[in-house]
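Raw contents of final28.tsv, TSV, C-alpha atoms:
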```tsv
chain	number	residue	atom	x	y	z
A	510	MET	CA	0.00	0.00	0.00
A	511	LEU	CA	0.98	3.65	-0.26
A	512	ALA	CA	1.61	5.66	2.89
A	513	ALA	CA	2.82	9.20	3.62
A	514	VAL	CA	5.88	8.75	5.85
A	515	LEU	CA	7.46	11.43	8.05
A	516	PRO	CA	11.18	10.47	8.07
A	517	GLU	CA	12.07	12.88	10.89
A	518	PRO	CA	10.83	16.19	12.35
A	519	GLY	CA	11.27	19.01	9.87
A	520	ALA	CA	11.54	16.72	6.86
A	521	PRO	CA	8.88	16.67	4.14
A	522	LEU	CA	6.39	13.81	3.96
A	523	GLN	CA	7.41	11.06	1.54
A	524	ILE	CA	5.02	8.74	-0.28
A	525	GLU	CA	6.34	5.20	0.17
A	526	GLU	CA	5.12	1.72	-0.67
A	527	VAL	CA	4.94	-0.36	2.52
A	528	PRO	CA	3.34	-3.71	3.45
A	529	ILE	CA	-0.37	-3.72	4.26
A	530	PRO	CA	-0.66	-4.19	8.04
A	531	SER	CA	-2.61	-7.00	9.71
A	532	PRO	CA	-5.05	-6.56	12.61
A	533	ARG	CA	-4.45	-8.44	15.84
A	534	ARG	CA	-6.85	-9.37	18.60
A	535	GLY	CA	-9.48	-6.66	19.17
A	536	GLU	CA	-8.50	-4.73	16.04
A	537	VAL	CA	-9.87	-4.16	12.55
A	538	LEU	CA	-8.28	-3.40	9.20
A	539	VAL	CA	-9.84	-0.43	7.42
A	540	GLN	CA	-9.40	0.39	3.75
A	541	VAL	CA	-9.06	4.14	4.11
A	542	ALA	CA	-11.30	6.34	1.97
A	543	ALA	CA	-10.20	9.68	3.42
A	544	CYS	CA	-8.11	11.22	6.19
A	545	GLY	CA	-8.49	14.73	7.59
A	546	VAL	CA	-5.65	17.27	7.46
A	547	CYS	CA	-5.19	18.41	11.06
A	548	HIS	CA	-2.94	21.00	12.66
A	549	THR	CA	-1.91	18.51	15.37
A	550	ASP	CA	-0.12	16.46	12.70
A	551	LEU	CA	1.63	19.66	11.66
A	552	HIS	CA	2.91	20.16	15.22
A	553	VAL	CA	4.54	16.72	15.00
A	554	MET	CA	5.97	17.38	11.54
A	555	LYS	CA	7.59	20.61	12.75
A	556	GLY	CA	8.99	18.98	15.90
A	557	GLU	CA	6.80	21.11	18.20
A	558	VAL	CA	5.27	17.97	19.72
A	559	ALA	CA	7.60	15.07	20.45
A	560	PHE	CA	6.83	11.80	18.65
A	561	PRO	CA	8.97	8.88	17.43
A	562	THR	CA	10.03	8.85	13.78
A	563	PRO	CA	9.95	7.58	11.11
A	564	ALA	CA	6.20	7.61	11.44
A	565	VAL	CA	2.89	7.63	9.62
A	566	LEU	CA	0.61	10.39	10.88
A	567	GLY	CA	-3.08	11.02	10.21
A	568	HIS	CA	-5.65	10.52	12.92
A	569	GLU	CA	-9.17	11.05	11.54
A	570	ILE	CA	-10.23	8.50	8.95
A	571	SER	CA	-13.20	7.03	7.18
A	572	GLY	CA	-13.26	3.82	5.22
A	573	VAL	CA	-14.54	0.27	4.95
A	574	VAL	CA	-13.70	-2.63	7.28
A	575	VAL	CA	-11.88	-5.27	5.25
A	576	GLY	CA	-10.27	-7.36	8.00
A	577	LEU	CA	-11.10	-8.49	11.52
A	578	GLY	CA	-8.74	-9.52	14.30
A	579	ASP	CA	-9.60	-12.26	16.78
A	580	GLY	CA	-12.45	-11.53	19.16
A	581	VAL	CA	-14.02	-8.67	17.17
A	582	GLU	CA	-17.80	-8.94	17.16
A	583	SER	CA	-18.82	-5.27	17.32
A	584	VAL	CA	-18.36	-4.59	13.60
A	585	ALA	CA	-18.73	-6.68	10.45
A	586	LEU	CA	-16.71	-6.91	7.26
A	587	GLY	CA	-17.87	-4.38	4.69
A	588	THR	CA	-19.10	-1.86	7.27
A	589	ARG	CA	-18.52	1.80	6.44
A	590	VAL	CA	-16.86	3.35	9.48
A	591	ILE	CA	-15.08	6.35	10.90
A	592	GLY	CA	-12.14	6.06	13.29
A	593	THR	CA	-11.72	8.38	16.28
A	594	PHE	CA	-8.33	9.90	17.04
A	595	ILE	CA	-8.63	8.97	20.72
A	596	MET	CA	-8.54	5.17	20.63
A	597	PRO	CA	-9.81	3.93	24.01
A	598	CYS	CA	-8.39	0.62	25.21
A	599	GLY	CA	-11.59	-0.06	27.14
A	600	ASP	CA	-9.80	-1.67	30.08
A	601	CYS	CA	-7.75	0.96	31.93
A	602	GLY	CA	-9.02	2.83	34.98
A	603	GLU	CA	-10.04	5.90	32.99
A	604	CYS	CA	-11.92	3.88	30.38
A	605	LEU	CA	-13.71	1.92	33.10
A	606	ARG	CA	-15.00	5.16	34.60
A	607	ALA	CA	-16.19	6.30	31.15
A	608	ARG	CA	-13.39	8.84	30.65
A	609	ASP	CA	-12.28	7.55	27.26
A	610	ASP	CA	-10.72	10.94	26.58
A	611	LEU	CA	-8.12	10.19	29.29
A	612	CYS	CA	-7.38	6.57	28.29
A	613	GLU	CA	-4.14	5.65	30.03
A	614	ARG	CA	-2.90	3.23	27.38
A	615	PHE	CA	-3.65	5.61	24.52
A	616	PHE	CA	-1.42	8.30	25.98
A	617	ALA	CA	1.28	5.97	27.35
A	618	MET	CA	1.59	3.67	24.35
A	619	ASN	CA	0.34	5.48	21.27
A	620	ARG	CA	1.06	9.13	21.94
A	621	LEU	CA	4.44	8.53	23.61
A	622	LYS	CA	5.73	5.45	21.77
A	623	GLY	CA	3.81	5.29	18.50
A	624	THR	CA	2.52	1.78	19.13
A	625	LEU	CA	-0.76	0.04	19.76
A	626	TYR	CA	-1.58	-1.51	23.11
A	627	ASP	CA	0.66	-4.58	22.98
A	628	GLY	CA	3.63	-2.25	22.67
A	629	GLU	CA	4.17	-2.83	18.93
A	630	SER	CA	3.39	-0.86	15.81
A	631	ARG	CA	1.50	-2.56	13.01
A	632	LEU	CA	3.49	-0.68	10.38
A	633	ALA	CA	6.91	-1.36	8.92
A	634	ARG	CA	8.87	-0.57	5.80
A	635	SER	CA	9.60	-3.30	3.29
A	636	ASP	CA	12.99	-3.88	4.94
A	637	GLY	CA	11.24	-4.66	8.24
A	638	SER	CA	12.17	-1.42	10.02
A	639	THR	CA	9.37	-0.08	12.23
A	640	LEU	CA	7.17	2.88	11.40
A	641	ALA	CA	5.55	4.58	14.39
A	642	MET	CA	1.76	5.10	14.33
A	643	TYR	CA	0.18	8.42	15.29
A	644	SER	CA	-3.28	7.21	16.37
A	645	MET	CA	-4.23	4.79	13.58
A	646	ALA	CA	-1.69	6.18	11.08
A	647	GLY	CA	-4.39	7.22	8.65
A	648	LEU	CA	-2.21	8.79	5.95
A	649	ALA	CA	-2.18	5.46	4.15
A	650	GLU	CA	-4.39	3.27	2.00
A	651	TYR	CA	-5.02	0.82	4.87
A	652	SER	CA	-5.09	1.29	8.63
A	653	VAL	CA	-5.27	-0.97	11.68
A	654	VAL	CA	-7.60	0.47	14.31
A	655	PRO	CA	-8.73	-0.85	17.72
A	656	ALA	CA	-12.35	-1.98	17.39
A	657	THR	CA	-13.22	0.28	20.34
A	658	SER	CA	-12.64	3.35	18.17
A	659	VAL	CA	-14.49	2.54	14.93
A	660	PHE	CA	-18.15	3.44	14.46
A	661	ALA	CA	-20.59	2.53	11.71
A	662	LEU	CA	-21.76	5.43	9.58
A	663	PRO	CA	-25.42	6.19	8.82
A	664	ASP	CA	-26.35	5.18	5.27
A	665	ALA	CA	-26.91	8.80	4.26
A	666	ALA	CA	-23.47	9.97	5.37
A	667	ASP	CA	-20.87	10.60	2.68
A	668	LEU	CA	-17.96	8.22	3.27
A	669	GLU	CA	-15.08	10.55	2.43
A	670	GLU	CA	-16.50	13.67	4.05
A	671	SER	CA	-17.30	11.78	7.26
A	672	ALA	CA	-13.56	11.43	7.98
A	673	VAL	CA	-13.65	14.76	9.84
A	674	LEU	CA	-15.94	13.25	12.47
A	675	GLY	CA	-12.98	11.42	13.99
A	676	CYS	CA	-11.09	14.51	15.17
A	677	ALA	CA	-12.41	17.93	14.14
A	678	ALA	CA	-16.03	17.13	14.98
A	679	MET	CA	-15.19	14.96	17.97
A	680	THR	CA	-12.93	17.66	19.41
A	681	GLY	CA	-15.54	20.36	18.88
A	682	TYR	CA	-18.35	18.24	20.32
A	683	GLY	CA	-16.30	17.35	23.40
A	684	ALA	CA	-15.44	21.01	23.97
A	685	ILE	CA	-19.12	22.01	23.83
A	686	ARG	CA	-20.59	19.10	25.81
A	687	HIS	CA	-17.96	18.35	28.45
A	688	GLY	CA	-15.47	21.23	28.48
A	689	GLY	CA	-17.89	24.14	28.26
A	690	GLU	CA	-21.01	22.30	29.44
A	691	LEU	CA	-22.83	24.74	27.19
A	692	ARG	CA	-26.42	25.54	28.10
A	693	GLY	CA	-29.09	27.00	25.88
A	694	GLY	CA	-29.30	30.78	25.97
A	695	GLU	CA	-25.62	31.36	26.75
A	696	ARG	CA	-23.30	33.67	24.85
A	697	ILE	CA	-20.05	32.18	23.57
A	698	ALA	CA	-16.93	33.24	21.70
A	699	VAL	CA	-14.67	31.05	19.57
A	700	LEU	CA	-11.05	32.17	19.19
A	701	GLY	CA	-9.86	30.62	15.95
A	702	VAL	CA	-12.40	29.30	13.43
A	703	GLY	CA	-10.45	26.81	11.38
A	704	GLY	CA	-11.36	23.12	11.23
A	705	VAL	CA	-12.18	22.60	14.91
A	706	GLY	CA	-13.43	26.13	15.57
A	707	SER	CA	-15.92	25.87	12.72
A	708	MET	CA	-17.27	22.67	14.28
A	709	ILE	CA	-17.69	24.43	17.64
A	710	VAL	CA	-19.70	27.15	15.91
A	711	GLN	CA	-22.06	24.55	14.44
A	712	PHE	CA	-22.48	22.61	17.69
A	713	ALA	CA	-23.01	25.80	19.69
A	714	ARG	CA	-25.89	26.84	17.45
A	715	ALA	CA	-27.36	23.33	17.58
A	716	THR	CA	-27.12	23.41	21.39
A	717	GLY	CA	-29.08	26.65	21.55
A	718	ALA	CA	-26.41	29.27	22.18
A	719	LEU	CA	-28.00	32.72	22.10
A	720	GLN	CA	-24.91	34.40	20.64
A	721	VAL	CA	-21.85	32.96	18.88
A	722	VAL	CA	-18.96	35.35	18.28
A	723	ALA	CA	-16.27	34.07	15.89
A	724	ILE	CA	-12.79	35.62	16.20
A	725	ASP	CA	-9.99	35.21	13.66
A	726	ILE	CA	-7.56	37.22	11.54
A	727	ASN	CA	-8.64	35.58	8.28
A	728	LYS	CA	-11.64	37.18	6.54
A	729	GLU	CA	-12.46	34.01	4.60
A	730	LYS	CA	-12.65	32.02	7.83
A	731	LEU	CA	-14.85	34.67	9.42
A	732	ASP	CA	-17.19	34.66	6.41
A	733	ALA	CA	-17.35	30.86	6.59
A	734	ALA	CA	-18.11	30.99	10.32
A	735	LYS	CA	-20.96	33.40	9.63
A	736	ALA	CA	-22.40	30.95	7.12
A	737	LEU	CA	-22.17	28.17	9.73
A	738	GLY	CA	-24.19	30.11	12.28
A	739	ALA	CA	-21.95	32.68	13.97
A	740	THR	CA	-24.07	35.66	14.97
A	741	ASP	CA	-21.10	38.05	15.09
A	742	VAL	CA	-17.54	38.08	13.78
A	743	VAL	CA	-14.46	39.90	15.04
A	744	ASP	CA	-11.37	40.53	12.92
A	745	ALA	CA	-8.60	40.27	15.53
A	746	SER	CA	-6.12	41.92	13.16
A	747	ALA	CA	-8.15	45.13	13.00
A	748	GLY	CA	-8.17	46.23	16.64
A	749	ASP	CA	-8.73	45.17	20.24
A	750	ALA	CA	-10.50	41.81	19.96
A	751	VAL	CA	-11.06	41.53	23.72
A	752	ALA	CA	-12.78	44.91	23.98
A	753	GLU	CA	-14.94	44.15	20.94
A	754	VAL	CA	-16.09	40.78	22.29
A	755	VAL	CA	-16.87	42.25	25.72
A	756	GLU	CA	-18.93	44.99	24.05
A	757	LEU	CA	-20.74	42.64	21.67
A	758	THR	CA	-21.71	40.26	24.49
A	759	GLY	CA	-22.73	42.99	26.92
A	760	GLY	CA	-19.99	42.39	29.47
A	761	GLY	CA	-18.21	39.24	28.33
A	762	ALA	CA	-19.01	35.75	27.10
A	763	ASP	CA	-20.36	32.96	29.27
A	764	VAL	CA	-17.98	30.53	27.55
A	765	VAL	CA	-14.91	31.22	25.42
A	766	PHE	CA	-13.29	28.44	23.37
A	767	GLU	CA	-9.57	28.95	22.62
A	768	VAL	CA	-8.74	26.76	19.62
A	769	LEU	CA	-5.31	28.05	18.57
A	770	GLY	CA	-3.07	26.94	21.43
A	771	ARG	CA	-1.13	30.20	21.60
A	772	PRO	CA	-0.19	32.04	24.81
A	773	GLN	CA	-1.52	35.38	23.53
A	774	THR	CA	-4.91	34.02	22.51
A	775	PHE	CA	-5.13	31.93	25.70
A	776	GLU	CA	-4.79	35.12	27.74
A	777	GLN	CA	-7.23	36.96	25.47
A	778	ALA	CA	-9.79	34.18	25.90
A	779	VAL	CA	-9.72	34.53	29.70
A	780	ALA	CA	-10.04	38.32	29.38
A	781	MET	CA	-13.18	37.90	27.23
A	782	LEU	CA	-15.12	36.14	30.02
A	783	ARG	CA	-17.94	37.66	32.03
A	784	ASP	CA	-17.98	37.03	35.79
A	785	GLY	CA	-18.52	33.33	36.45
A	786	GLY	CA	-17.54	32.42	32.89
A	787	ARG	CA	-15.73	29.34	31.60
A	788	MET	CA	-12.72	29.32	29.29
A	789	VAL	CA	-12.21	26.05	27.43
A	790	ALA	CA	-8.67	25.47	26.15
A	791	VAL	CA	-8.88	23.29	23.03
A	792	GLY	CA	-5.83	24.19	20.93
A	793	ILE	CA	-2.62	22.16	21.23
A	794	ALA	CA	0.51	24.26	21.83
A	795	PRO	CA	4.20	23.51	21.28
A	796	VAL	CA	5.76	21.71	24.25
A	797	GLY	CA	6.63	24.13	27.05
A	798	ALA	CA	4.29	26.93	25.96
A	799	THR	CA	2.77	28.80	28.90
A	800	ALA	CA	0.31	31.64	29.42
A	801	SER	CA	-0.27	34.11	32.25
A	802	VAL	CA	-3.55	34.44	34.13
A	803	GLU	CA	-4.43	37.14	36.66
A	804	ILE	CA	-4.94	35.08	39.81
A	805	THR	CA	-7.02	37.56	41.80
A	806	ARG	CA	-9.55	38.05	39.00
A	807	LEU	CA	-9.79	34.28	38.54
A	808	VAL	CA	-10.57	33.83	42.24
A	809	ARG	CA	-12.79	36.84	42.91
A	810	ARG	CA	-14.87	36.63	39.74
A	811	GLY	CA	-15.34	32.85	39.89
A	812	LEU	CA	-13.79	32.08	36.51
A	813	GLN	CA	-13.06	28.56	35.33
A	814	ILE	CA	-10.34	27.33	32.96
A	815	VAL	CA	-10.92	23.84	31.57
A	816	GLY	CA	-8.81	21.75	29.21
A	817	SER	CA	-10.65	19.74	26.56
A	818	PHE	CA	-8.74	17.28	24.35
A	819	GLY	CA	-11.74	15.61	22.76
A	820	ALA	CA	-15.04	13.85	23.23
A	821	ARG	CA	-15.46	10.40	24.80
A	822	PRO	CA	-15.65	8.08	21.81
A	823	ARG	CA	-17.78	5.21	23.10
A	824	SER	CA	-20.50	7.40	24.63
A	825	ASP	CA	-20.31	10.55	22.50
A	826	MET	CA	-19.79	9.27	18.97
A	827	PRO	CA	-23.19	7.50	18.82
A	828	LEU	CA	-24.80	10.79	19.90
A	829	LEU	CA	-22.82	12.71	17.29
A	830	LEU	CA	-23.85	10.27	14.58
A	831	SER	CA	-27.48	10.63	15.63
A	832	LEU	CA	-27.21	14.40	15.04
A	833	ILE	CA	-26.21	13.64	11.45
A	834	GLU	CA	-29.10	11.20	10.99
A	835	ARG	CA	-31.56	13.84	12.24
A	836	GLY	CA	-30.08	16.53	10.02
A	837	VAL	CA	-28.97	18.67	12.96
A	838	PHE	CA	-25.29	18.55	12.00
A	839	ASN	CA	-23.61	18.31	8.61
A	840	PRO	CA	-19.84	17.63	8.69
A	841	SER	CA	-19.42	18.20	4.96
A	842	ILE	CA	-20.11	21.95	5.31
A	843	ALA	CA	-16.73	22.45	6.97
A	844	ILE	CA	-14.76	20.72	4.18
A	845	THR	CA	-13.31	23.23	1.76
A	846	ARG	CA	-10.42	21.41	0.08
A	847	ARG	CA	-9.65	17.90	-1.16
A	848	TYR	CA	-6.27	16.42	-1.99
A	849	ASP	CA	-5.11	12.99	-3.12
A	850	LEU	CA	-2.95	11.01	-0.68
A	851	ALA	CA	0.01	11.64	-3.00
A	852	GLN	CA	-0.45	15.37	-2.32
A	853	ALA	CA	-0.11	15.01	1.46
A	854	ALA	CA	2.98	17.24	1.68
A	855	GLU	CA	1.24	19.92	-0.38
A	856	ALA	CA	-1.83	19.80	1.85
A	857	TYR	CA	0.11	20.28	5.07
A	858	ASP	CA	2.18	23.07	3.52
A	859	ALA	CA	-1.07	24.86	2.70
A	860	LEU	CA	-2.27	24.31	6.26
A	861	ASP	CA	0.97	25.74	7.61
A	862	ARG	CA	0.50	28.83	5.45
A	863	GLN	CA	-3.02	29.21	6.92
A	864	GLU	CA	-4.55	28.93	3.47
A	865	ILE	CA	-7.12	26.26	4.37
A	866	VAL	CA	-10.51	27.56	5.45
A	867	GLY	CA	-12.37	24.96	7.50
A	868	ARG	CA	-11.04	21.43	6.95
A	869	ALA	CA	-9.20	19.69	4.14
A	870	ILE	CA	-9.25	15.96	3.50
A	871	LEU	CA	-6.88	13.59	1.73
A	872	THR	CA	-8.58	10.89	-0.32
A	873	THR	CA	-7.28	7.53	-1.56
A	874	GLY	CA	-9.85	6.83	-4.27
A	875	ALA	CA	-11.23	3.86	-2.31
A	876	ALA	CA	-14.70	5.33	-1.71
```
Serialized structure, structure tokens:
Amino acid sequence: MLAAVLPEPGAPLQIEEVPIPSPRRGEVLVQVAACGVCHTDLHVMKGEVAFPTPAVLGHEISGVVVGLGDGVESVALGTRVIGTFIMPCGDCGECLRARDDLCERFFAMNRLKGTLYDGESRLARSDGSTLAMYSMAGLAEYSVVPATSVFALPDAADLEESAVLGCAAMTGYGAIRHGGELRGGERIAVLGVGGVGSMIVQFARATGALQVVAIDINKEKLDAAKALGATDVVDASAGDAVAEVVELTGGGADVVFEVLGRPQTFEQAVAMLRDGGRMVAVGIAPVGATASVEITRLVRRGLQIVGSFGARPRSDMPLLLSLIERGVFNPSIAITRRYDLAQAAEAYDALDRQEIVGRAILTTGAA
């Protein structure tokens, strides 16, 4: 099969022919139809987030199940599925208390070592040398995924476009439902309306937010956010974004979602809150990045700062899929660019240049 391989941090992706992997116990083999282009992969490519190399990245996929490992009964051959970037083991302490988003094995084995949960990668080059896996290593024509993190798609869902459910949508949904605990009638602000931010805008409107303020420096992204349901937009390059959000919301937002992972915007997000407000940190930052918070205001005004990495796959993904079936949420609206797998390097270069509005996907032609 073909796979986009990252030889080392800072090096360009290379399209290589490698052996098709085989699923082991509790795993499935998916013929990948599409994989989302996510900024978290870019952090790894640039060496801003530590990860073993050489590696195959890509962590939000859609495709068809073409192989089953021993003991898999939850999904059948031929099923159209999406794979979630958080791959719960189902057995650790966090998974047993329904906190899939904190799965101990996922972080210890996959995110630190690039392996699945027996301590081994399923990928290797033709010479037998190991390729690390970032989540399910979806920048390839086939992917091995734990059965706990694949979910059958509704018949009406487009196979390729549904890839973005596995990270962009799941991250946005988790931020709204668990991080922000958004309630109908609240006023929110979203700092950064790219792939994940645009999903938060959609979910906020579906949840009944009274006001949704989208903040960015890119006019195209702001226009797109308006089309997705943002009630107001703020061009952060044109003036004091904090003052404008506070004025628009009549004293500050009930919930602010920071999606960029930058110290400056983290601090701005806290400053945009009304008394008693919640700031949800969603964006991943380079290792070691820090932000300052005024302690006295945090204490006296009852502010909350919550980290949100993603939704909880086993309980949240069925709910998310039901929103699609009922026509409440449409993931395809956020997709603005398509590339072939062979154009992976080009796609991530465009993402790095901030040229992609919403979400891009890489397709394999298998749909």
Q: Considering all atoms listed in the file, state which residue in the set A:Gly693, A:Pro530, A:Gly770, A:Pro663 is at the smallest distance from A:Leu829.
A: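 For A:Leu829, the nearest of the given residues is A:Pro663.
Using all atoms listed in the file, the shortest contact distance between A:Asp825 and any of A:Thr680, A:Gln863, A:Thr639, A:Gln540 is found at A:Thr680.
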Q | Proximity to A:Asp858 - best of A:Ala677, A:Cys612, A:Cys547, A:Ile529, only C-alpha atoms | A |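 So, comparing all the options, the nearest one is A:Cys547.
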Q. Near stretch 520-524 of chain A, counting all atoms listed in the file, which residues have an atom at most 10 Å away, once you skip same-chain residues fewer than 5 positions from it, shown as a list in words?
A.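 So, after excluding close chain neighbours, the residues are Leu511, Ala512, Ala513, Val514, Leu515, Met554, Lys555, Gly556, Ala564, Val565, Leu566, Leu648, Ala649, Leu850, Ala851, Gln852, Ala853, Ala854, Glu855, Tyr857 and Asp858 of chain A.
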Q. What is the atom CA of A:Val581-atom CA of A:Gly874 distance in Å, reported with one decimal?
A.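 Between atom CA of A:Val581 and atom CA of A:Gly874 the gap is 26.8 Å.
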